[in-house]
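*Asks:* File follows, final_33.cif with mmCIF, C-alpha atoms:
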```cif
data_my_file
#
loop_
_atom_site.group_PDB
_atom_site.id
_atom_site.type_symbol
_atom_site.label_atom_id
_atom_site.label_comp_id
_atom_site.auth_asym_id
_atom_site.auth_seq_id
_atom_site.Cartn_x
_atom_site.Cartn_y
_atom_site.Cartn_z
ATOM 1 C CA ALA X 1 71.786 -15.656 -5.973
ATOM 2 C CA GLN X 2 69.223 -13.510 -7.713
ATOM 3 C CA LYS X 3 69.695 -9.786 -8.166
ATOM 4 C CA VAL X 4 67.666 -6.984 -9.736
ATOM 5 C CA THR X 5 69.259 -3.671 -10.632
ATOM 6 C CA GLN X 6 67.286 -0.520 -11.341
ATOM 7 C CA ALA X 7 70.057 1.945 -12.071
ATOM 8 C CA GLN X 8 67.757 4.938 -12.421
ATOM 9 C CA THR X 9 66.677 6.237 -9.016
ATOM 10 C CA GLU X 10 64.556 9.233 -9.937
ATOM 11 C CA ILE X 11 63.031 10.349 -13.226
ATOM 12 C CA SER X 12 61.094 13.536 -13.819
ATOM 13 C CA VAL X 13 59.138 14.166 -17.014
ATOM 14 C CA VAL X 14 56.504 16.543 -18.252
ATOM 15 C CA GLU X 15 53.050 15.174 -18.906
ATOM 16 C CA LYS X 16 52.624 13.503 -22.321
ATOM 17 C CA GLU X 17 56.291 12.616 -22.600
ATOM 18 C CA ASP X 18 57.263 8.979 -23.060
ATOM 19 C CA VAL X 19 59.437 7.460 -20.350
ATOM 20 C CA THR X 20 61.340 4.172 -20.104
ATOM 21 C CA LEU X 21 62.216 2.529 -16.807
ATOM 22 C CA ASP X 22 65.177 0.156 -16.989
ATOM 23 C CA CYS X 23 65.560 -3.181 -15.232
ATOM 24 C CA VAL X 24 68.504 -5.565 -15.402
ATOM 25 C CA TYR X 25 68.491 -8.878 -13.574
ATOM 26 C CA GLU X 26 70.849 -11.701 -12.639
ATOM 27 C CA THR X 27 69.884 -15.302 -11.978
ATOM 28 C CA ARG X 28 71.354 -18.763 -12.397
ATOM 29 C CA ASP X 29 67.925 -20.227 -13.002
ATOM 30 C CA THR X 30 66.999 -21.136 -16.559
ATOM 31 C CA THR X 31 63.334 -20.486 -15.901
ATOM 32 C CA TYR X 32 62.015 -17.603 -13.860
ATOM 33 C CA TYR X 33 59.366 -14.912 -13.668
ATOM 34 C CA LEU X 34 59.803 -11.171 -14.007
ATOM 35 C CA PHE X 35 57.392 -8.633 -12.582
ATOM 36 C CA TRP X 36 56.729 -4.910 -12.505
ATOM 37 C CA TYR X 37 54.870 -3.301 -9.621
ATOM 38 C CA LYS X 38 53.737 0.276 -9.026
ATOM 39 C CA GLN X 39 53.777 1.731 -5.510
ATOM 40 C CA PRO X 40 51.761 4.916 -4.935
ATOM 41 C CA PRO X 41 52.236 6.897 -1.698
ATOM 42 C CA SER X 42 49.628 4.724 0.043
ATOM 43 C CA GLY X 43 52.162 1.912 0.085
ATOM 44 C CA GLU X 44 50.299 -0.868 -1.683
ATOM 45 C CA LEU X 45 52.244 -2.609 -4.419
ATOM 46 C CA VAL X 46 50.040 -2.698 -7.502
ATOM 47 C CA PHE X 47 50.718 -5.576 -9.883
ATOM 48 C CA LEU X 48 51.362 -4.453 -13.475
ATOM 49 C CA ILE X 49 52.755 -7.456 -15.332
ATOM 50 C CA ARG X 50 54.264 -10.915 -14.981
ATOM 51 C CA ARG X 51 56.439 -12.388 -17.714
ATOM 52 C CA ASN X 52 57.960 -15.857 -17.756
ATOM 53 C CA SER X 53 61.455 -16.414 -19.024
ATOM 54 C CA PHE X 54 60.506 -18.563 -21.995
ATOM 55 C CA ASP X 55 58.176 -15.971 -23.473
ATOM 56 C CA GLU X 56 60.183 -13.129 -25.004
ATOM 57 C CA GLN X 57 57.312 -11.486 -26.818
ATOM 58 C CA ASN X 58 56.955 -7.837 -26.028
ATOM 59 C CA GLU X 59 53.672 -6.830 -24.477
ATOM 60 C CA ILE X 60 51.530 -3.730 -24.730
ATOM 61 C CA SER X 61 48.692 -2.801 -22.432
ATOM 62 C CA GLY X 62 47.211 0.589 -23.187
ATOM 63 C CA ARG X 63 49.923 3.188 -22.565
ATOM 64 C CA TYR X 64 52.218 0.585 -21.004
ATOM 65 C CA SER X 65 54.641 -1.625 -22.874
ATOM 66 C CA TRP X 66 57.364 -4.020 -21.826
ATOM 67 C CA ASN X 67 60.510 -5.069 -23.661
ATOM 68 C CA PHE X 68 61.999 -8.367 -22.449
ATOM 69 C CA GLN X 69 65.433 -9.261 -23.819
ATOM 70 C CA LYS X 70 66.864 -12.446 -22.371
ATOM 71 C CA SER X 71 70.174 -11.937 -24.197
ATOM 72 C CA THR X 72 70.867 -8.794 -22.191
ATOM 73 C CA SER X 73 68.932 -9.851 -19.048
ATOM 74 C CA SER X 74 66.753 -6.784 -19.272
ATOM 75 C CA PHE X 75 63.045 -6.190 -18.785
ATOM 76 C CA ASN X 76 62.338 -2.540 -19.515
ATOM 77 C CA PHE X 77 59.036 -0.750 -19.014
ATOM 78 C CA THR X 78 57.827 2.151 -21.163
ATOM 79 C CA ILE X 79 54.972 4.511 -20.403
ATOM 80 C CA THR X 80 53.707 6.343 -23.467
ATOM 81 C CA ALA X 81 52.152 9.794 -23.125
ATOM 82 C CA SER X 82 52.735 9.897 -19.376
ATOM 83 C CA GLN X 83 50.119 11.339 -17.037
ATOM 84 C CA VAL X 84 50.320 12.877 -13.582
ATOM 85 C CA VAL X 85 48.603 9.768 -12.179
ATOM 86 C CA ASP X 86 51.615 7.732 -13.289
ATOM 87 C CA SER X 87 53.692 9.399 -10.575
ATOM 88 C CA ALA X 88 54.792 6.624 -8.199
ATOM 89 C CA VAL X 89 57.677 4.334 -7.349
ATOM 90 C CA TYR X 90 58.086 1.466 -9.803
ATOM 91 C CA PHE X 91 59.701 -1.825 -8.853
ATOM 92 C CA CYS X 92 61.040 -4.589 -11.017
ATOM 93 C CA ALA X 93 61.163 -8.029 -9.383
ATOM 94 C CA LEU X 94 62.338 -11.561 -10.128
ATOM 95 C CA SER X 95 61.243 -14.953 -8.836
ATOM 96 C CA GLU X 96 62.013 -18.594 -9.428
ATOM 97 C CA ILE X 97 59.396 -20.780 -11.008
ATOM 98 C CA ASN X 98 58.289 -23.436 -8.567
ATOM 99 C CA THR X 99 55.606 -26.004 -8.850
ATOM 100 C CA GLY X 100 52.603 -25.145 -6.773
ATOM 101 C CA ALA X 101 52.688 -21.959 -4.740
ATOM 102 C CA ASN X 102 54.946 -19.113 -5.641
ATOM 103 C CA SER X 103 58.524 -18.545 -4.659
ATOM 104 C CA LYS X 104 59.878 -15.383 -3.108
ATOM 105 C CA LEU X 105 60.355 -12.152 -5.035
ATOM 106 C CA THR X 106 63.660 -10.351 -5.284
ATOM 107 C CA PHE X 107 63.084 -6.641 -5.838
ATOM 108 C CA GLY X 108 65.171 -3.829 -7.227
ATOM 109 C CA LYS X 109 65.487 -0.595 -5.274
ATOM 110 C CA GLY X 110 62.776 1.098 -7.263
ATOM 111 C CA ILE X 111 62.540 4.122 -9.549
ATOM 112 C CA THR X 112 60.674 7.228 -8.427
ATOM 113 C CA LEU X 113 58.792 8.670 -11.376
ATOM 114 C CA SER X 114 57.445 12.198 -11.172
ATOM 115 C CA VAL X 115 55.191 13.435 -13.939
ATOM 116 C CA ARG X 116 54.716 17.205 -13.931
ATOM 117 C CA PRO X 117 51.635 18.863 -15.437
ATOM 118 C CA ASP W 1 36.254 -9.511 -4.117
ATOM 119 C CA ALA W 2 38.386 -8.284 -1.235
ATOM 120 C CA GLY W 3 42.067 -8.031 -1.904
ATOM 121 C CA VAL W 4 44.827 -8.558 0.617
ATOM 122 C CA THR W 5 43.993 -6.780 3.869
ATOM 123 C CA GLN W 6 46.429 -5.867 6.616
ATOM 124 C CA SER W 7 46.100 -4.461 10.114
ATOM 125 C CA PRO W 8 46.967 -2.212 11.752
ATOM 126 C CA THR W 9 47.858 0.360 9.105
ATOM 127 C CA HIS W 10 50.099 2.430 11.361
ATOM 128 C CA LEU W 11 51.608 1.786 14.749
ATOM 129 C CA ILE W 12 54.324 3.131 17.010
ATOM 130 C CA LYS W 13 56.259 0.887 19.377
ATOM 131 C CA THR W 14 59.085 1.395 21.843
ATOM 132 C CA ARG W 15 62.444 -0.300 21.438
ATOM 133 C CA GLY W 16 62.425 -3.706 23.131
ATOM 134 C CA GLN W 17 58.690 -4.220 22.770
ATOM 135 C CA GLN W 18 56.958 -6.870 20.697
ATOM 136 C CA VAL W 19 54.570 -6.339 17.796
ATOM 137 C CA THR W 20 52.040 -8.479 15.935
ATOM 138 C CA LEU W 21 50.881 -7.632 12.429
ATOM 139 C CA ARG W 22 47.967 -9.353 10.729
ATOM 140 C CA CYS W 23 47.106 -10.265 7.164
ATOM 141 C CA SER W 24 44.102 -11.755 5.384
ATOM 142 C CA PRO W 25 44.930 -13.072 1.923
ATOM 143 C CA LYS W 26 42.960 -12.442 -1.225
ATOM 144 C CA SER W 27 39.962 -14.727 -1.594
ATOM 145 C CA GLY W 28 41.003 -18.098 -2.999
ATOM 146 C CA HIS W 29 44.670 -17.667 -2.084
ATOM 147 C CA ASP W 30 46.373 -20.092 0.281
ATOM 148 C CA THR W 31 49.947 -18.829 0.452
ATOM 149 C CA VAL W 32 51.064 -15.767 2.382
ATOM 150 C CA SER W 33 54.437 -14.046 2.292
ATOM 151 C CA TRP W 34 55.754 -11.174 4.363
ATOM 152 C CA TYR W 35 58.146 -8.455 3.208
ATOM 153 C CA GLN W 36 59.939 -5.631 4.976
ATOM 154 C CA GLN W 37 60.440 -2.384 3.091
ATOM 155 C CA ALA W 38 62.766 0.175 4.620
ATOM 156 C CA LEU W 39 62.480 3.785 3.510
ATOM 157 C CA GLY W 40 63.868 4.262 0.018
ATOM 158 C CA GLN W 41 64.482 0.551 -0.535
ATOM 159 C CA GLY W 42 62.775 -2.302 -2.293
ATOM 160 C CA PRO W 43 60.845 -4.881 -0.261
ATOM 161 C CA GLN W 44 62.892 -7.661 1.315
ATOM 162 C CA PHE W 45 61.442 -11.151 1.695
ATOM 163 C CA ILE W 46 60.988 -12.270 5.321
ATOM 164 C CA PHE W 47 59.207 -15.620 5.020
ATOM 165 C CA GLN W 48 56.378 -17.493 3.357
ATOM 166 C CA TYR W 49 53.620 -19.667 4.819
ATOM 167 C CA TYR W 50 51.691 -22.435 3.129
ATOM 168 C CA GLU W 51 49.531 -25.084 4.766
ATOM 169 C CA GLU W 52 50.250 -23.456 8.128
ATOM 170 C CA GLU W 53 53.989 -24.075 7.816
ATOM 171 C CA GLU W 54 56.921 -21.812 7.067
ATOM 172 C CA ARG W 55 58.133 -22.871 3.631
ATOM 173 C CA GLN W 56 60.864 -20.358 2.866
ATOM 174 C CA ARG W 57 62.723 -17.792 4.896
ATOM 175 C CA GLY W 58 64.816 -14.803 3.948
ATOM 176 C CA ASN W 59 67.811 -13.414 5.791
ATOM 177 C CA PHE W 60 66.022 -12.240 8.937
ATOM 178 C CA PRO W 61 66.825 -13.102 12.568
ATOM 179 C CA ASP W 62 64.712 -15.379 14.757
ATOM 180 C CA ARG W 63 63.133 -12.306 16.336
ATOM 181 C CA PHE W 64 60.899 -12.409 13.291
ATOM 182 C CA SER W 65 58.365 -15.210 13.495
ATOM 183 C CA GLY W 66 55.033 -15.956 11.943
ATOM 184 C CA HIS W 67 51.984 -18.104 11.900
ATOM 185 C CA GLN W 68 49.329 -19.133 9.424
ATOM 186 C CA PHE W 69 45.850 -20.121 10.498
ATOM 187 C CA PRO W 70 43.494 -22.711 8.952
ATOM 188 C CA ASN W 71 41.608 -19.912 7.157
ATOM 189 C CA TYR W 72 44.946 -18.936 5.490
ATOM 190 C CA SER W 73 45.263 -15.636 7.364
ATOM 191 C CA SER W 74 48.647 -14.925 8.866
ATOM 192 C CA GLU W 75 50.458 -13.044 11.596
ATOM 193 C CA LEU W 76 53.954 -11.600 11.680
ATOM 194 C CA ASN W 77 55.523 -11.239 15.129
ATOM 195 C CA VAL W 78 58.638 -9.248 15.869
ATOM 196 C CA ASN W 79 60.217 -9.497 19.320
ATOM 197 C CA ALA W 80 62.729 -7.216 21.026
ATOM 198 C CA LEU W 81 62.135 -4.400 18.569
ATOM 199 C CA LEU W 82 65.086 -2.389 17.336
ATOM 200 C CA LEU W 83 65.069 1.082 15.827
ATOM 201 C CA GLY W 84 66.102 -0.533 12.552
ATOM 202 C CA ASP W 85 62.878 -2.519 12.446
ATOM 203 C CA SER W 86 61.039 0.670 11.529
ATOM 204 C CA ALA W 87 59.650 -0.023 8.071
ATOM 205 C CA LEU W 88 56.608 -0.773 5.962
ATOM 206 C CA TYR W 89 55.632 -4.423 6.386
ATOM 207 C CA LEU W 90 53.876 -5.827 3.358
ATOM 208 C CA CYS W 91 51.831 -8.985 3.158
ATOM 209 C CA ALA W 92 51.443 -10.764 -0.160
ATOM 210 C CA SER W 93 49.223 -13.634 -1.156
ATOM 211 C CA THR W 94 49.105 -16.066 -4.021
ATOM 212 C CA GLY W 95 47.401 -19.312 -4.862
ATOM 213 C CA ALA W 96 48.404 -22.537 -6.517
ATOM 214 C CA GLY W 97 47.363 -23.317 -10.062
ATOM 215 C CA ALA W 98 47.706 -21.569 -13.400
ATOM 216 C CA LEU W 99 47.641 -18.114 -11.894
ATOM 217 C CA GLY W 100 49.518 -19.176 -8.805
ATOM 218 C CA ASN W 101 52.577 -17.164 -9.545
ATOM 219 C CA THR W 102 50.926 -13.769 -9.604
ATOM 220 C CA ILE W 103 51.439 -12.159 -6.232
ATOM 221 C CA TYR W 104 49.083 -9.550 -4.801
ATOM 222 C CA PHE W 105 50.088 -7.182 -2.025
ATOM 223 C CA GLY W 106 48.217 -5.413 0.723
ATOM 224 C CA GLU W 107 48.664 -1.755 1.635
ATOM 225 C CA GLY W 108 51.049 -2.628 4.408
ATOM 226 C CA SER W 109 51.542 -1.819 8.055
ATOM 227 C CA TRP W 110 53.765 1.167 8.811
ATOM 228 C CA LEU W 111 55.794 0.379 11.938
ATOM 229 C CA THR W 112 57.754 3.072 13.738
ATOM 230 C CA VAL W 113 60.065 2.038 16.576
ATOM 231 C CA VAL W 114 61.087 4.853 18.933
#
```
Here is the file; what I need is its structure written in the form of structure tokens.
*Replies:*
Amino acid sequence: AQKVTQAQTEISVVEKEDVTLDCVYETRDTTYYLFWYKQPPSGELVFLIRRNSFDEQNEISGRYSWNFQKSTSSFNFTITASQVVDSAVYFCALSEINTGANSKLTFGKGITLSVRP
Amino acid sequence: DAGVTQSPTHLIKTRGQQVTLRCSPKSGHDTVSWYQQALGQGPQFIFQYYEEEERQRGNFPDRFSGHQFPNYSSELNVNALLLGDSALYLCASTGAGALGNTIYFGEGSWLTVV
């Protein structure tokens, strides 16, 4: 069975601080996808990144960066110079890789990030 | 390009009643999944529809049923509502092909059962 653990439940930082959100996963699959989503109060899950299991390169997108380490089953997310607009709940998720249409996502419980001015 | 749209956005139902939630997938997407998100929890997979058939199902009772129409839109039906069914119901869509495994979500339908 697949499992995603986000041990941090709430994080509070002051604007411009860097913050890292941790994600640890479990799966018996040798190939899989990892995702991060952002959920503002409106409820919509906003897609941030998808990473497949055979690509361990770290990725940077503006103030966001992701560190994927297959050896420790972790896929951590760092926000550099945080802003108030980054305040939201962040979810890490895992899915199998199927041919054709996508498989189901297994989510962690989410991390509530509060960025104070 | 419209994203995933869901209706209604909020609704209140009485225990024992039935509810139908609707979802239109993102343009070009043919697969729809439904998730239930209880307060303070991550979304839980209910089921997935492709080619008008249920392809996968999570650990939810038969009170939860769905349908997909030829235009790829979908409905989620919940019968005999329980207080514990109160949650945010999220619809997600994806398409086959190179980008098929990126999943886009709608804003959800907030269901309160009283």
*Asks:* Could you write out as a count of residues only the residues that the PyMOL selection byres ((chain X and resi 19) around 9) matches in the shown file?
*Replies:* 12
*Asks:* With a distance threshold of 10 Å and counting all atoms listed in the file, extract the residues of chain X near chain W and express them as a VMD selection string.
*Replies:* chain X and resid 9 33 35 37 39 to 47 49 to 52 89 to 93 95 to 112
*Asks:* Which residue is closest to Gln36 of chain W? Choose from W:Thr14, W:Ala87, W:Pro61, W:Val113 and count all atoms listed in the file.
*Replies:*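 Result for the nearest residue to Gln36 of chain W: W:Ala87.
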*Asks:* Taking (49.0, -11.8, 11.2) in the file's coordinates as the center, which residues reach within 6 Å of it, counting all atoms listed in the file, put as a ChimeraX atom specification?
*Replies:* /W:21-23,74-76
*Asks:* Which one is closest to Phe75 of chain X: X:Cys23, X:Trp36, X:Leu94, X:Leu48? Count all atoms listed in the file.
*Replies:*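 The answer is X:Cys23, which sits nearest to Phe75 of chain X.
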*Asks:* Can you pull out the residues contacting Arg28 of chain X? Cut-off 8 Å, using only C-alpha atoms, and skip same-chain residues under 2 positions away; I want them as a PyMOL selection string.
*Replies:* chain X and resi 1-2+26+30
